[in-house]
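*Asks:* What follows is a structure written as structure tokens; I'll ask about it next.
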Amino acid sequence: MSDDLSKRRPQDATKVNVNETWELEYWSNKSGVTKEKLKEAVKAVGNAAAVQKYLGK
């Protein structure tokens, strides 16, 4: 099943998909960090909750 691109937020809020441009933008805006910093955080810790904690949010 593919993502519904008409949605303004991820369908699975527990995951950060850095391979989807719109989702990368959503999470970087929500976290207040650059896309590169977000990619680093995802690589380091994985899921959305851990990424937010890693980024201090």
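Going through the structure tokens in order, the chains are called A, B, and so on, while each chain numbers its residues from 1 and the ligands are numbered from 1 in the order shown.
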Got a sec: who's within 10 Å of range 26-43 of chain A, counting only C-alpha atoms, leaving out chain neighbours fewer than 5 positions off, as an MDAnalysis selection string?
*Replies:* chainID A and resid 8:10 13 15:21 48 50:57
*Asks:* Mind dumping the selected residues with C-alpha atoms as an mmCIF file, in the first residue's frame?
*Replies:*
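Result file again.cif:
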```cif
data_model
loop_
_atom_site.group_PDB
_atom_site.id
_atom_site.type_symbol
_atom_site.label_atom_id
_atom_site.label_comp_id
_atom_site.auth_asym_id
_atom_site.auth_seq_id
_atom_site.Cartn_x
_atom_site.Cartn_y
_atom_site.Cartn_z
ATOM 1 C CA ARG A 8 -0.381 16.496 5.511
ATOM 2 C CA ARG A 9 1.219 14.139 8.028
ATOM 3 C CA PRO A 10 2.603 10.599 8.010
ATOM 4 C CA ALA A 13 3.442 8.480 13.186
ATOM 5 C CA LYS A 15 8.139 5.967 11.745
ATOM 6 C CA VAL A 16 10.201 8.606 9.981
ATOM 7 C CA ASN A 17 10.604 7.779 6.293
ATOM 8 C CA VAL A 18 13.543 9.876 5.115
ATOM 9 C CA ASN A 19 13.130 8.494 1.593
ATOM 10 C CA GLU A 20 9.872 10.421 1.054
ATOM 11 C CA THR A 21 10.596 14.104 0.395
ATOM 12 C CA ALA A 48 9.983 8.735 15.617
ATOM 13 C CA ALA A 50 13.484 7.980 19.748
ATOM 14 C CA VAL A 51 14.348 10.621 17.141
ATOM 15 C CA GLN A 52 12.389 13.294 19.026
ATOM 16 C CA LYS A 53 14.139 12.319 22.277
ATOM 17 C CA TYR A 54 17.536 12.240 20.539
ATOM 18 C CA LEU A 55 16.914 15.739 19.195
ATOM 19 C CA GLY A 56 15.783 16.967 22.619
ATOM 20 C CA LYS A 57 12.187 17.603 21.581
#
```
*Asks:* Based on the backbone DSSP call, show me all residues of chain A assigned alpha helix (DSSP H), as a ChimeraX atom specification.
*Replies:* /A:21-31,35-45,48-54
